[in-house]
Every structure is written in C-alpha cells, then in structure tokens.
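A.B. asks: Next comes the structure file entry_39.txt, holding compact mmCIF, C-alpha atoms and all ligand atoms.
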```txt
# COMPACT_ATOMS: atom_id res chain seq x y z
CA MET W 286 -0.06 78.96 -9.51
CA CYS W 287 -0.32 75.39 -10.65
CA ARG W 288 -3.78 74.42 -11.77
CA ASN W 289 -3.39 71.17 -13.58
CA LYS W 290 -3.08 68.24 -11.25
CA MET W 291 -1.85 65.56 -13.66
CA LYS W 292 1.31 67.33 -14.67
CA PRO W 293 4.02 65.27 -16.36
CA ARG W 294 6.81 66.67 -14.20
CA ASP W 295 6.99 67.79 -10.59
CA SER W 296 7.17 71.44 -11.43
CA CYS W 297 4.80 73.65 -13.33
CA HIS W 298 7.46 76.22 -14.02
CA PRO W 299 8.66 75.25 -17.51
CA PRO W 300 6.83 77.29 -20.15
CA ALA W 301 3.55 75.85 -21.39
CA GLY W 302 5.00 75.61 -24.94
CA LEU W 303 7.32 72.85 -23.83
CA PHE W 304 4.39 70.76 -22.72
CA VAL W 305 2.42 71.56 -25.88
CA GLY W 306 5.39 70.36 -27.94
CA TRP W 307 5.66 67.26 -25.83
CA GLY W 308 1.92 66.58 -26.28
CA ILE W 309 2.14 67.04 -30.06
CA ARG W 310 5.11 64.73 -30.31
CA ALA W 311 3.39 62.06 -28.24
CA CYS W 312 0.26 62.37 -30.36
CA LEU W 313 2.12 62.22 -33.65
CA GLU W 314 3.03 58.69 -32.74
CA TRP W 315 -0.65 57.87 -33.05
CA GLU W 316 -0.68 57.64 -36.77
CA ARG W 317 -4.31 58.03 -37.79
CA GLU W 318 -5.60 61.56 -38.15
CA ARG W 319 -8.70 61.12 -36.02
CA ALA W 320 -6.71 59.45 -33.31
CA TYR W 321 -4.29 62.39 -33.47
CA LEU W 322 -7.09 64.87 -32.77
CA GLU W 323 -8.53 62.77 -30.00
CA CYS W 324 -5.10 62.42 -28.57
CA LEU W 325 -4.55 66.18 -28.52
CA TYR W 326 -7.85 66.75 -26.75
CA TYR W 327 -6.89 64.13 -24.25
CA VAL W 328 -3.25 64.98 -23.70
CA LEU W 329 -3.11 68.77 -23.84
CA PRO W 330 -5.40 69.40 -20.85
CA ILE W 331 -3.16 67.09 -18.90
CA VAL W 332 0.16 68.57 -19.90
CA THR W 333 -0.67 72.29 -20.09
CA PRO W 334 -2.17 74.64 -17.57
CA ILE W 335 -4.94 75.58 -20.04
CA THR W 336 -8.33 74.90 -18.53
CA HIS W 337 -10.49 77.20 -20.69
CA THR W 338 -12.28 75.02 -23.21
CA SER W 339 -12.44 77.70 -25.90
CA MET W 340 -8.74 78.50 -25.52
CA LEU W 341 -7.89 74.82 -25.75
CA HIS W 342 -10.07 74.55 -28.82
CA ARG W 343 -8.28 77.37 -30.59
CA LEU W 344 -4.88 76.02 -29.64
CA ILE W 345 -5.70 72.60 -31.03
CA GLN W 346 -7.07 74.11 -34.24
CA ARG W 347 -3.80 75.95 -34.71
CA ILE W 348 -1.73 72.82 -33.97
CA VAL W 349 -3.72 70.75 -36.44
CA LEU W 350 -3.32 73.39 -39.13
CA MET W 351 0.42 73.57 -38.48
CA SER W 352 0.68 69.78 -38.47
CA LEU W 353 -1.11 69.55 -41.82
CA VAL W 354 1.29 72.06 -43.39
CA PHE W 355 4.21 70.22 -41.81
CA ALA W 356 2.94 66.82 -43.03
CA ALA W 357 2.52 68.21 -46.57
CA LEU W 358 6.10 69.52 -46.49
CA VAL W 359 7.41 66.18 -45.27
CA THR W 360 5.58 64.39 -48.08
CA VAL W 361 7.04 66.73 -50.71
CA VAL W 362 10.54 66.32 -49.30
CA GLN W 363 10.18 62.53 -49.15
CA ALA W 364 8.99 62.36 -52.74
CA GLN W 365 12.31 63.83 -53.90
CA PRO W 366 14.64 60.95 -54.70
CA GLY W 367 17.50 61.21 -52.25
CA PRO W 368 20.98 60.05 -53.27
CA GLY W 369 20.90 56.26 -53.01
CA GLY W 370 18.10 56.74 -50.52
CA GLN W 371 15.16 54.61 -49.55
CA ASP W 372 12.72 56.62 -51.64
CA GLU W 373 13.98 55.79 -55.09
CA LYS W 374 12.13 53.47 -57.40
CA ALA W 375 13.73 50.20 -58.39
CA GLU W 376 15.72 50.70 -61.60
CA ASN W 377 16.40 47.23 -62.81
CA LEU W 378 13.48 44.90 -62.25
CA LYS W 379 13.23 42.35 -65.05
CA VAL W 380 11.01 39.73 -63.47
CA LEU W 381 9.08 41.55 -60.74
CA PRO W 382 6.63 44.22 -61.99
CA GLU W 383 8.76 47.22 -62.98
CA ASP W 384 6.79 49.64 -60.82
CA MET W 385 6.63 47.45 -57.70
CA PRO W 386 7.03 49.75 -54.68
CA LEU W 387 10.40 49.31 -52.99
CA PRO W 388 8.99 48.22 -49.62
CA GLU W 389 7.30 45.36 -51.43
CA VAL W 390 10.47 44.51 -53.35
CA ARG W 391 12.28 44.38 -50.03
CA ARG W 392 9.69 42.02 -48.60
CA VAL W 393 10.24 39.66 -51.55
CA MET W 394 13.99 39.94 -50.94
CA GLN W 395 13.62 39.07 -47.28
CA GLY W 396 11.83 35.92 -48.44
CA PHE W 397 14.86 35.11 -50.62
CA THR W 398 17.33 35.56 -47.76
CA ARG W 399 15.30 33.32 -45.48
CA ALA W 400 14.72 30.66 -48.15
CA LEU W 401 18.41 30.42 -49.06
CA GLY W 402 19.88 31.13 -45.62
CA VAL W 403 21.95 34.05 -46.96
CA ARG W 404 22.21 37.81 -46.59
CA CYS W 405 21.56 40.54 -49.16
CA LEU W 406 25.21 40.61 -50.28
CA TYR W 407 25.05 37.01 -51.47
CA CYS W 408 23.26 38.35 -54.56
CA HIS W 409 23.96 42.10 -54.40
CA VAL W 410 27.04 44.24 -54.78
CA GLY W 411 28.29 46.01 -51.65
CA GLU W 412 30.65 45.79 -48.74
CA GLU W 413 29.83 43.67 -45.69
CA GLY W 414 29.62 45.82 -42.58
CA LYS W 415 28.70 48.99 -44.50
CA PRO W 416 25.10 50.32 -44.31
CA PRO W 417 22.70 48.92 -46.96
CA SER W 418 22.26 52.46 -48.36
CA THR W 419 25.75 52.05 -49.86
CA PHE W 420 24.85 48.79 -51.67
CA ASP W 421 24.25 48.80 -55.42
CA PHE W 422 21.06 46.74 -55.52
CA ALA W 423 20.43 47.51 -59.21
CA SER W 424 23.77 46.06 -60.34
CA ASP W 425 23.73 42.69 -62.09
CA ASP W 426 27.43 41.97 -61.47
CA LYS W 427 26.84 38.88 -59.35
CA GLU W 428 25.94 35.81 -61.36
CA VAL W 429 23.70 34.41 -58.61
CA LYS W 430 21.38 37.38 -59.10
CA GLU W 431 20.84 36.26 -62.69
CA VAL W 432 20.43 32.65 -61.48
CA SER W 433 17.78 33.98 -59.09
CA ARG W 434 15.89 35.57 -61.98
CA VAL W 435 15.82 32.21 -63.75
CA MET W 436 14.55 30.65 -60.52
CA MET W 437 11.87 33.34 -60.16
CA ARG W 438 10.60 32.65 -63.68
CA MET W 439 10.69 28.92 -62.99
CA VAL W 440 8.70 29.30 -59.75
CA HIS W 441 6.16 31.50 -61.52
CA SER W 442 5.80 28.99 -64.31
CA VAL W 443 5.51 26.01 -61.96
CA ASN W 444 2.69 27.72 -60.10
CA THR W 445 0.74 29.21 -63.01
CA ASP W 446 1.38 26.78 -65.88
CA PHE W 447 1.35 23.56 -63.91
CA ILE W 448 0.03 23.59 -60.34
CA ALA W 449 -2.85 25.93 -61.18
CA GLU W 450 -3.72 23.68 -64.14
CA ALA W 451 -3.63 20.42 -62.19
CA PRO W 452 -7.08 18.88 -61.70
CA GLY W 453 -8.71 19.10 -58.31
CA GLU W 454 -10.96 21.47 -56.40
CA GLY W 455 -10.03 23.93 -53.71
CA GLU W 456 -7.11 26.15 -52.93
CA LYS W 457 -3.85 25.07 -54.57
CA LEU W 458 -0.58 25.25 -52.70
CA ASN W 459 2.18 27.30 -54.32
CA VAL W 460 5.81 26.43 -54.74
CA THR W 461 8.16 29.03 -53.26
CA CYS W 462 11.94 29.34 -53.12
CA GLU W 463 11.76 27.75 -49.70
CA THR W 464 9.95 24.66 -50.96
CA CYS W 465 13.20 23.48 -52.53
CA HIS W 466 15.89 25.51 -50.83
CA ARG W 467 14.92 25.05 -47.16
CA GLY W 468 17.46 27.53 -45.91
CA VAL W 469 20.47 26.59 -48.08
CA THR W 470 21.79 27.84 -51.42
CA ARG W 471 22.12 24.40 -53.01
CA PRO W 472 19.07 22.30 -52.20
CA ALA W 473 20.78 18.91 -52.29
CA LEU W 474 20.02 15.84 -50.21
CA LEU W 475 22.55 15.26 -47.44
CA GLU W 476 23.43 11.75 -48.67
CA ASP W 477 24.05 12.99 -52.22
CA MET W 478 26.23 15.83 -50.96
CA LEU W 479 28.27 13.46 -48.83
CA ALA W 480 28.64 10.94 -51.66
CA ASP W 481 30.10 13.73 -53.84
CA TYR W 482 32.34 14.71 -50.97
CA VAL W 483 33.66 11.16 -50.61
CA SER W 484 34.54 10.91 -54.28
CA GLU W 485 36.07 14.39 -54.44
CA LYS W 486 37.91 14.66 -51.12
CA GLY W 487 37.91 11.26 -49.48
CA VAL W 488 35.99 9.58 -46.71
CA GLU W 489 37.63 11.25 -43.71
CA GLU W 490 36.95 14.72 -45.13
CA ALA W 491 33.36 13.66 -45.72
CA VAL W 492 33.03 12.52 -42.10
CA VAL W 493 34.29 15.90 -40.89
CA GLU W 494 31.87 17.63 -43.25
CA TYR W 495 28.99 15.52 -41.94
CA GLN W 496 29.86 16.48 -38.38
CA ARG W 497 30.11 20.15 -39.33
CA LEU W 498 26.73 20.10 -41.07
CA ARG W 499 25.18 18.25 -38.17
CA GLU W 500 26.45 20.83 -35.72
CA GLN W 501 25.17 23.71 -37.86
CA TYR W 502 21.86 22.33 -39.11
CA LEU W 503 20.60 19.64 -36.71
CA GLY W 504 17.03 20.46 -35.69
CA GLY W 505 16.54 22.77 -38.68
CA PHE W 506 14.75 21.95 -41.91
CA SER W 507 17.71 22.03 -44.32
CA TYR W 508 19.00 18.48 -44.01
CA ASN W 509 17.66 15.18 -42.78
CA PHE W 510 19.78 13.80 -39.95
CA GLN W 511 17.47 10.88 -39.24
CA GLU W 512 18.41 7.21 -39.37
CA PRO W 513 17.94 6.53 -43.14
CA THR W 514 20.32 9.22 -44.48
CA LEU W 515 23.64 7.50 -43.78
CA VAL W 516 22.15 4.13 -44.71
CA ARG W 517 21.26 5.53 -48.14
CA LEU W 518 24.70 7.09 -48.38
CA ALA W 519 26.24 3.69 -47.59
CA GLN W 520 24.14 2.07 -50.31
CA GLN W 521 25.36 4.68 -52.81
CA LEU W 522 28.94 4.02 -51.71
CA LEU W 523 28.44 0.27 -52.16
CA ASP W 524 27.07 0.90 -55.66
CA ALA W 525 30.26 2.89 -56.29
CA GLU W 526 32.26 -0.12 -55.04
CA ASN W 527 33.58 1.65 -51.99
CA PRO W 528 32.63 -0.71 -49.11
CA ASP W 529 35.22 0.77 -46.74
CA ALA W 530 33.66 4.22 -46.98
CA ALA W 531 30.23 2.60 -46.56
CA LEU W 532 31.39 0.83 -43.39
CA ARG W 533 32.83 4.05 -41.98
CA PHE W 534 29.46 5.80 -42.22
CA LEU W 535 27.48 2.75 -41.11
CA ALA W 536 29.61 2.55 -37.94
CA MET W 537 28.75 6.22 -37.29
CA ASN W 538 25.08 5.53 -37.89
CA ALA W 539 25.16 2.55 -35.51
CA GLU W 540 26.50 4.85 -32.83
CA LEU W 541 23.87 7.53 -33.53
CA PHE W 542 21.01 5.01 -33.88
CA PRO W 543 21.96 1.90 -31.87
CA THR W 544 18.65 0.17 -32.58
CA SER W 545 18.79 0.58 -36.37
CA SER W 546 18.42 -2.90 -37.85
CA GLN W 547 18.80 -1.49 -41.38
CA THR W 548 22.23 -0.12 -40.54
CA TYR W 549 23.50 -3.60 -39.58
CA ALA W 550 21.83 -5.21 -42.60
CA VAL W 551 23.65 -2.87 -45.00
CA MET W 552 26.82 -3.46 -42.98
CA GLY W 553 26.31 -7.14 -43.86
CA GLU W 554 26.16 -6.19 -47.55
CA ALA W 555 29.39 -4.19 -47.18
CA TYR W 556 31.20 -7.17 -45.61
CA VAL W 557 29.89 -9.42 -48.36
CA ALA W 558 31.34 -6.94 -50.85
CA LYS W 559 34.64 -7.23 -48.99
CA GLU W 560 34.28 -11.04 -49.03
CA ASP W 561 34.44 -11.14 -45.23
CA THR W 562 31.72 -13.72 -44.56
CA PRO W 563 32.22 -14.06 -40.76
CA ALA W 564 31.84 -10.29 -40.29
CA ALA W 565 28.83 -10.32 -42.61
CA ILE W 566 27.21 -13.08 -40.50
CA GLN W 567 27.84 -11.10 -37.31
CA SER W 568 26.24 -7.97 -38.79
CA VAL W 569 23.18 -9.80 -40.08
CA GLU W 570 22.73 -11.55 -36.73
CA LYS W 571 22.75 -8.15 -35.06
CA ALA W 572 20.24 -6.85 -37.62
CA ILE W 573 17.93 -9.79 -36.83
CA GLU W 574 18.33 -9.25 -33.09
CA LEU W 575 17.07 -5.69 -33.59
CA ASN W 576 14.25 -6.71 -35.93
CA PRO W 577 13.33 -10.35 -35.17
CA ASN W 578 10.32 -10.37 -37.52
CA ASN W 579 12.29 -9.83 -40.71
CA GLY W 580 12.06 -13.16 -42.61
CA ARG W 581 14.21 -11.95 -45.48
CA LEU W 582 17.14 -11.29 -43.13
CA LYS W 583 16.76 -14.78 -41.64
CA GLU W 584 16.89 -16.41 -45.08
CA TRP W 585 19.93 -14.37 -45.95
CA LEU W 586 21.66 -15.43 -42.70
CA GLU W 587 21.06 -19.10 -43.57
CA GLU W 588 22.58 -18.54 -47.03
CA LEU W 589 25.62 -16.84 -45.53
CA LYS W 590 26.13 -19.66 -43.02
CA GLN W 591 26.18 -22.24 -45.84
CA GLN W 592 29.06 -20.50 -47.60
C1 LIG E 601 18.96 35.11 -53.79
C2 LIG E 601 19.35 36.37 -54.37
C3 LIG E 601 18.91 37.66 -53.71
C4 LIG E 601 19.04 38.02 -52.40
C5 LIG E 601 19.57 37.18 -51.25
C6 LIG E 601 18.56 39.37 -52.29
N1 LIG E 601 18.18 39.82 -53.52
FE1 LIG E 601 17.52 41.69 -53.98
N2 LIG E 601 17.29 41.15 -55.91
C7 LIG E 601 17.52 39.89 -56.42
C8 LIG E 601 17.09 39.86 -57.80
C9 LIG E 601 17.15 38.66 -58.72
C10 LIG E 601 16.60 41.14 -58.11
C11 LIG E 601 16.04 41.61 -59.44
C12 LIG E 601 14.60 41.17 -59.56
C13 LIG E 601 14.03 41.43 -60.93
O1 LIG E 601 14.78 41.53 -61.91
O2 LIG E 601 12.77 41.51 -61.04
C14 LIG E 601 16.75 41.94 -56.91
C15 LIG E 601 16.41 43.28 -56.80
C16 LIG E 601 16.51 44.02 -55.64
C17 LIG E 601 16.20 45.43 -55.54
C18 LIG E 601 15.77 46.33 -56.68
C19 LIG E 601 17.01 46.95 -57.28
C20 LIG E 601 16.73 47.80 -58.48
O3 LIG E 601 16.87 49.03 -58.37
O4 LIG E 601 16.38 47.24 -59.52
C21 LIG E 601 16.40 45.80 -54.25
C22 LIG E 601 16.21 47.17 -53.64
C23 LIG E 601 16.82 44.62 -53.53
N3 LIG E 601 16.90 43.56 -54.41
C24 LIG E 601 17.10 44.61 -52.21
C25 LIG E 601 17.51 43.47 -51.52
C26 LIG E 601 17.71 43.44 -50.10
C27 LIG E 601 17.51 44.62 -49.16
C28 LIG E 601 18.12 42.19 -49.79
C29 LIG E 601 18.43 41.61 -48.41
C30 LIG E 601 17.34 41.68 -47.47
C31 LIG E 601 18.15 41.43 -51.02
N4 LIG E 601 17.78 42.24 -52.04
C32 LIG E 601 18.51 40.10 -51.12
C33 LIG E 601 18.08 38.84 -55.76
C34 LIG E 601 18.37 38.80 -54.42
C1 LIG E 602 12.07 23.36 -57.79
C2 LIG E 602 13.10 23.56 -56.82
C3 LIG E 602 13.66 24.98 -56.72
C4 LIG E 602 12.96 26.13 -56.45
C5 LIG E 602 11.48 26.29 -56.20
C6 LIG E 602 13.95 27.19 -56.38
N1 LIG E 602 15.19 26.71 -56.62
FE1 LIG E 602 16.93 27.76 -56.65
N2 LIG E 602 17.96 26.09 -57.07
C7 LIG E 602 17.41 24.81 -57.24
C8 LIG E 602 18.46 23.89 -57.58
C9 LIG E 602 18.28 22.40 -57.83
C10 LIG E 602 19.66 24.61 -57.62
C11 LIG E 602 21.07 24.12 -57.95
C12 LIG E 602 21.27 24.27 -59.41
C13 LIG E 602 22.69 23.95 -59.80
O1 LIG E 602 23.17 22.86 -59.52
O2 LIG E 602 23.34 24.85 -60.37
C14 LIG E 602 19.30 25.99 -57.29
C15 LIG E 602 20.21 27.02 -57.23
C16 LIG E 602 19.91 28.32 -56.91
C17 LIG E 602 20.87 29.39 -56.81
C18 LIG E 602 22.37 29.27 -57.06
C19 LIG E 602 23.01 28.85 -55.78
C20 LIG E 602 24.49 28.70 -55.89
O3 LIG E 602 25.19 29.23 -55.03
O4 LIG E 602 24.94 28.06 -56.84
C21 LIG E 602 20.19 30.51 -56.46
C22 LIG E 602 20.77 31.88 -56.20
C23 LIG E 602 18.80 30.16 -56.35
N3 LIG E 602 18.66 28.82 -56.63
C24 LIG E 602 17.78 31.04 -56.01
C25 LIG E 602 16.45 30.69 -55.95
C26 LIG E 602 15.39 31.63 -55.68
C27 LIG E 602 15.57 33.11 -55.39
C28 LIG E 602 14.22 30.93 -55.73
C29 LIG E 602 12.80 31.46 -55.58
C30 LIG E 602 12.46 32.49 -56.53
C31 LIG E 602 14.56 29.54 -56.03
N4 LIG E 602 15.92 29.44 -56.17
C32 LIG E 602 13.63 28.51 -56.15
C33 LIG E 602 16.09 24.47 -57.09
C34 LIG E 602 15.06 25.36 -56.82
```
Could I get this file's structure written as structure tokens?
Ligand code: HEC
Ligand code: HEC
C.D. replies:
Amino acid sequence: MCRNKMKPRDSCHPPAGLFVGWGIRACLEWERERAYLECLYYVLPIVTPITHTSMLHRLIQRIVLMSLVFAALVTVVQAQPGPGGQDEKAENLKVLPEDMPLPEVRRVMQGFTRALGVRCLYCHVGEEGKPPSTFDFASDDKEVKEVSRVMMRMVHSVNTDFIAEAPGEGEKLNVTCETCHRGVTRPALLEDMLADYVSEKGVEEAVVEYQRLREQYLGGFSYNFQEPTLVRLAQQLLDAENPDAALRFLAMNAELFPTSSQTYAVMGEAYVAKEDTPAAIQSVEKAIELNPNNGRLKEWLEELKQQ
C-alpha cells in the first residue's frame, strides 16, 4: 500500500532504496553539511514510504556516516596528482607566488585572455581544438609567455613602487593588463597603427585595414573610431609629406562625420601642401561653414584668397 502522498513518480512500486538514493543525490547538491542534513530530513519523508520517525532517524544517521566515509575517500583520491590533471600544483611559476592554488592561477589567466583578447594557446603550448588537459601550461616555449612575465613584473612595479607612493589620500587605482591592452595584444593607437601601415604597405592596404578593424572593433574599447582619429592620422601623413594619403583618409572621415569642420580644415592643409590653392580655399570655406565662429580659419581663408 502506498502511504506517502508526495511521491516523486506515479507508482510506489520501485524499491525504497531507489528513492533513498535519489534523495541523497539531490541533497548532495546542497553543498554545506548542515544543509545536507536538513535536506535529508526534508526530502526522505517525501520520497520514501518511511513514516516512522525513529526509523527515519536511523536511516539518516547511516546515510550521513556513509557520506562522510565517501567524502573522505573522494578527498584522498582527489589529492593524488592525476596525469596532467586539474589537481596538480603549478610547476613553473616565476612571478606569481610559487604555491598559488591552480584555481587562482587560472583566474589570473582568464584576466590575461580578456585583457589581450586572446585564448590560452596564444601564450601556452598545445593544439587548438584539443581539451586543455592536453596543454603544456608549464612550458616556456612561446616567447610571448616570457614577455608576459616581464609585463607582470612591470605592472607590479607600477602599482607598488609608483602609484602606491604617489601623494594623495584614499584608495589608489591599480594598473592592470587591461589598462593598456584593452582587448588587443599590441596596445597601439589606431592612428599610429594606420600610419605604420601606410608606410609599410601603402594607402589602399591601410584603408582596407581600417575598414576591417572598424568592422571587428567598432563599439568596443580597443580602438577609437571617433572623429579625431583619422584627422590625427592625416596630420601624421602630412608631417611625413604624404598629402595624397592624408586626403584619402580625410575624404573617408568627411563621409563618416559630415559635420566635422576639423576634417575640412586639415584637408585645406593637404591641398596647400599639394600647392592646389583653389581646392584649399574650397575646403577651408567648408570648414568655416561647419564652424562659423572659428576666427583663425577666417584669417587663413583671407590669406589663401590673396595668393
Ligand atoms: C598573455 C599570456 C597568457 C595567456 C593568454 C594565458 N597564460 Fe597561463 N601563464 C602565463 C604566464 C606568463 C605564466 C607563468 C606565470 C609565472 O611565471 O608566474 C602562466 C602560467 C600558467 C599556469 C601554470 C603552469 C605551471 O605549471 O607553471 C597555468 C595552469 C596556466 N597558465 C593556465 C592558463 C589558462 C587555462 C589560460 C587560458 C584561460 C592561460 N593560462 C592563458 C601567460 C598566459
Ligand atoms: C603600461 C602599459 C602596459 C601594461 C599595463 C601591460 N602591457 Fe603588455 N604591452 C604593452 C606594450 C606597449 C606592448 C608592445 C611592446 C612591443 O612593441 O613589443 C605590450 C606587449 C605585450 C605582449 C606581446 C604582444 C605581442 O604579440 O607582441 C604581451 C604578451 C603582453 N604585452 C602581455 C601583457 C600582460 C599579461 C599584462 C598584464 C600583466 C600586460 N601586458 C600589461 C604595454 C602594457
């Protein structure tokens, strides 16, 4: 006969042991010991047909004893270092404290991956697509791992030798990998990267690269895609006596930011560099139209018109 009303299944026929096992398993998911006991007292009367309080009491005592023995066994087994397993200690820490527990090491590492926008294998030896248990995290074969150690020492020094020593009350901010890297491996300014690109590969390649970066990173915190970036790039290109490249990027910027007076002003400079005074006048007029209060632009326009 079926006495318990809140049975987990429709039938009471399966042996009580099945339900006891089910109850224990459910309770084990409650991690704290006290909660485990409470859970057993709560769950077992529901899932088993036992109604006698003293019987229930004895059963739970036996389960708890068994669970303790089981837990002790599990601990012993886990303490044995498995082959390449998760339970080993780190072998090759040179900057982090040598005895830092692995879960903590991994948390630091997750910070690295986020800060640089990479995955573990950027710095560690292993095969992409294979499980991390096959990776050789202790190996120093990749140079970037050694670079990272230099960076870790630098960050530590910046925070303890300098920021902590700076005058001022209150909590000091710390520099982290992310402060500089912002999700990329080489924390360069977009305009500087593009200027290098122009001199190494040419302006059209640099335009393609800009578009690629914009597609990948727009809205993120790695690169600044606001109005001033390409204007500053154009100024660098003018300094490098490459007004054509400057004009190429300024035309792009004018399309992206049609109300940017600065863009047209620097365009004027580029046309002056190309000794094309009529085009320079047109650009400066446009710059003034977009920013009518700029006296300096107006003076410059007068000068250009007298040439
Ligand atoms: C930017 C480079 C970088 C990335 C990315 C990185 N690590 Fe590391 N990792 C290091 C460096 C450097 C050390 C050594 C630290 C030291 O010497 O104190 C290290 C050490 C370790 C160790 C200790 C190895 C040992 O036995 O000495 C483990 C484990 C580890 N990393 C796991 C990971 C995991 C998992 C990831 C991905 C989530 C990851 N790392 C991503 C640079 C990196
Ligand atoms: C103060 C700014 C700054 C901080 C903070 C910083 N880095 Fe760097 N990092 C740089 C610069 C700049 C470079 C490029 C150096 C070069 O040109 O070789 C770089 C390069 C690297 C590289 C080589 C990238 C490559 O592919 O060439 C790695 C790896 C790296 N950093 C890891 C880290 C880690 C890990 C941290 C945090 C522990 C960190 N960095 C913190 C400025 C910083």
A.B. asks: Hey, could you pull the box centre and edge lengths for region 487-499 of chain W, axis-aligned, 5 Å padding per side, all listed atoms, to one decimal in Å, as lines of an AutoDock Vina configuration file?
C.D. replies:
```
center_x = 31.5
center_y = 14.9
center_z = -43.8
size_x = 22.7
size_y = 20.6
size_z = 21.3
```
A.B. asks: Name the closest residue to ligand LIG 601 (chain E) among the candidates W:Arg434, W:Gly414, W:Val393, W:Asp426; distances are taken between atoms, counting all atoms listed in the file.
C.D. replies: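 Ranked by minimum distance to ligand LIG 601 (chain E), first place goes to W:Arg434.
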A.B. asks: Around ligand LIG 602 (chain E), which protein and nucleic acid residues have at least one atom no more than 12 Å from it, if we count only C-alpha atoms and all ligand atoms? List them as a compact mmCIF listing (two decimals) with C-alpha atoms, in the frame of the given file.
C.D. replies:
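Full text of selection02.txt as output:
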```txt
# COMPACT_ATOMS: atom_id res chain seq x y z
CA VAL W 380 11.01 39.73 -63.47
CA LEU W 381 9.08 41.55 -60.74
CA VAL W 393 10.24 39.66 -51.55
CA MET W 394 13.99 39.94 -50.94
CA GLN W 395 13.62 39.07 -47.28
CA GLY W 396 11.83 35.92 -48.44
CA PHE W 397 14.86 35.11 -50.62
CA THR W 398 17.33 35.56 -47.76
CA ARG W 399 15.30 33.32 -45.48
CA ALA W 400 14.72 30.66 -48.15
CA LEU W 401 18.41 30.42 -49.06
CA GLY W 402 19.88 31.13 -45.62
CA VAL W 403 21.95 34.05 -46.96
CA ARG W 404 22.21 37.81 -46.59
CA CYS W 405 21.56 40.54 -49.16
CA LEU W 406 25.21 40.61 -50.28
CA TYR W 407 25.05 37.01 -51.47
CA CYS W 408 23.26 38.35 -54.56
CA HIS W 409 23.96 42.10 -54.40
CA LYS W 427 26.84 38.88 -59.35
CA GLU W 428 25.94 35.81 -61.36
CA VAL W 429 23.70 34.41 -58.61
CA LYS W 430 21.38 37.38 -59.10
CA GLU W 431 20.84 36.26 -62.69
CA VAL W 432 20.43 32.65 -61.48
CA SER W 433 17.78 33.98 -59.09
CA ARG W 434 15.89 35.57 -61.98
CA VAL W 435 15.82 32.21 -63.75
CA MET W 436 14.55 30.65 -60.52
CA MET W 437 11.87 33.34 -60.16
CA ARG W 438 10.60 32.65 -63.68
CA MET W 439 10.69 28.92 -62.99
CA VAL W 440 8.70 29.30 -59.75
CA HIS W 441 6.16 31.50 -61.52
CA SER W 442 5.80 28.99 -64.31
CA VAL W 443 5.51 26.01 -61.96
CA ASN W 444 2.69 27.72 -60.10
CA ASN W 459 2.18 27.30 -54.32
CA VAL W 460 5.81 26.43 -54.74
CA THR W 461 8.16 29.03 -53.26
CA CYS W 462 11.94 29.34 -53.12
CA GLU W 463 11.76 27.75 -49.70
CA THR W 464 9.95 24.66 -50.96
CA CYS W 465 13.20 23.48 -52.53
CA HIS W 466 15.89 25.51 -50.83
CA ARG W 467 14.92 25.05 -47.16
CA GLY W 468 17.46 27.53 -45.91
CA VAL W 469 20.47 26.59 -48.08
CA THR W 470 21.79 27.84 -51.42
CA ARG W 471 22.12 24.40 -53.01
CA PRO W 472 19.07 22.30 -52.20
CA ALA W 473 20.78 18.91 -52.29
CA LEU W 474 20.02 15.84 -50.21
CA MET W 478 26.23 15.83 -50.96
```
A.B. asks: Taking all atoms listed in the file into account, which of W:Met351, W:Val488, W:Met340, W:Ala423 comes nearest ligand LIG 601 (chain E)?
C.D. replies: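 Looking at the shortest contact to ligand LIG 601 (chain E), the residue is W:Ala423.
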A.B. asks: Would you work out the distance separating CA of Gln591 (chain W) from CA of Ala525 (chain W), expressed in Å to one decimal?
C.D. replies: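 If I compute the distance from CA of Gln591 (chain W) to CA of Ala525 (chain W), I get 27.5 Å.
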A.B. asks: By how many Å are CA of Asn509 (chain W) and CA of Ser484 (chain W) apart?
C.D. replies: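 CA of Ser484 (chain W) lies 20.9 Å from CA of Asn509 (chain W).
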A.B. asks: In Å, how far is it from atom N1 of ligand LIG 601 (chain E) to CA of Ala375 (chain W)?
C.D. replies: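 Result for atom N1 of ligand LIG 601 (chain E) versus CA of Ala375 (chain W): 12.3 Å, one decimal.
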A.B. asks: Name the residues in contact with Tyr556 (chain W) at a cut-off of 12 Å, using only C-alpha atoms, excluding same-chain residues fewer than 4 positions from it; report them as JSON, numbers by chain.
C.D. replies: {"W": [523, 526, 527, 528, 529, 530, 531, 532, 533, 535, 549, 550, 551, 552, 560, 561, 562, 563, 564, 565, 566, 567, 568, 569, 589]}
A.B. asks: Given all atoms listed in the file as the basis, pick out the residue of W:Glu485, W:Glu454, W:Glu373, W:Glu540 nearest to ligand LIG 601 (chain E).
C.D. replies: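 Between W:Glu485, W:Glu454, W:Glu373, W:Glu540, the residue approaching ligand LIG 601 (chain E) most closely is W:Glu373.
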A.B. asks: Could you tell me which of W:Ser424, W:Ser507, W:Thr419, W:Ser339 comes closest to ligand LIG 601 (chain E) if we count all atoms listed in the file?
C.D. replies: W:Ser424
A.B. asks: Could you check the closest approach to ligand LIG 601 (chain E) for each of W:Gly411, W:Pro417, W:Pro452, W:Pro513 and tell me which residue wins, using all atoms listed in the file?
C.D. replies: W:Pro417
A.B. asks: Taking only C-alpha atoms and all ligand atoms into account, which of W:Leu479, W:Leu378, W:Val410, W:Ala491 comes nearest ligand LIG 601 (chain E)?
C.D. replies: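 That would be W:Leu378, the residue with the smallest distance to ligand LIG 601 (chain E).
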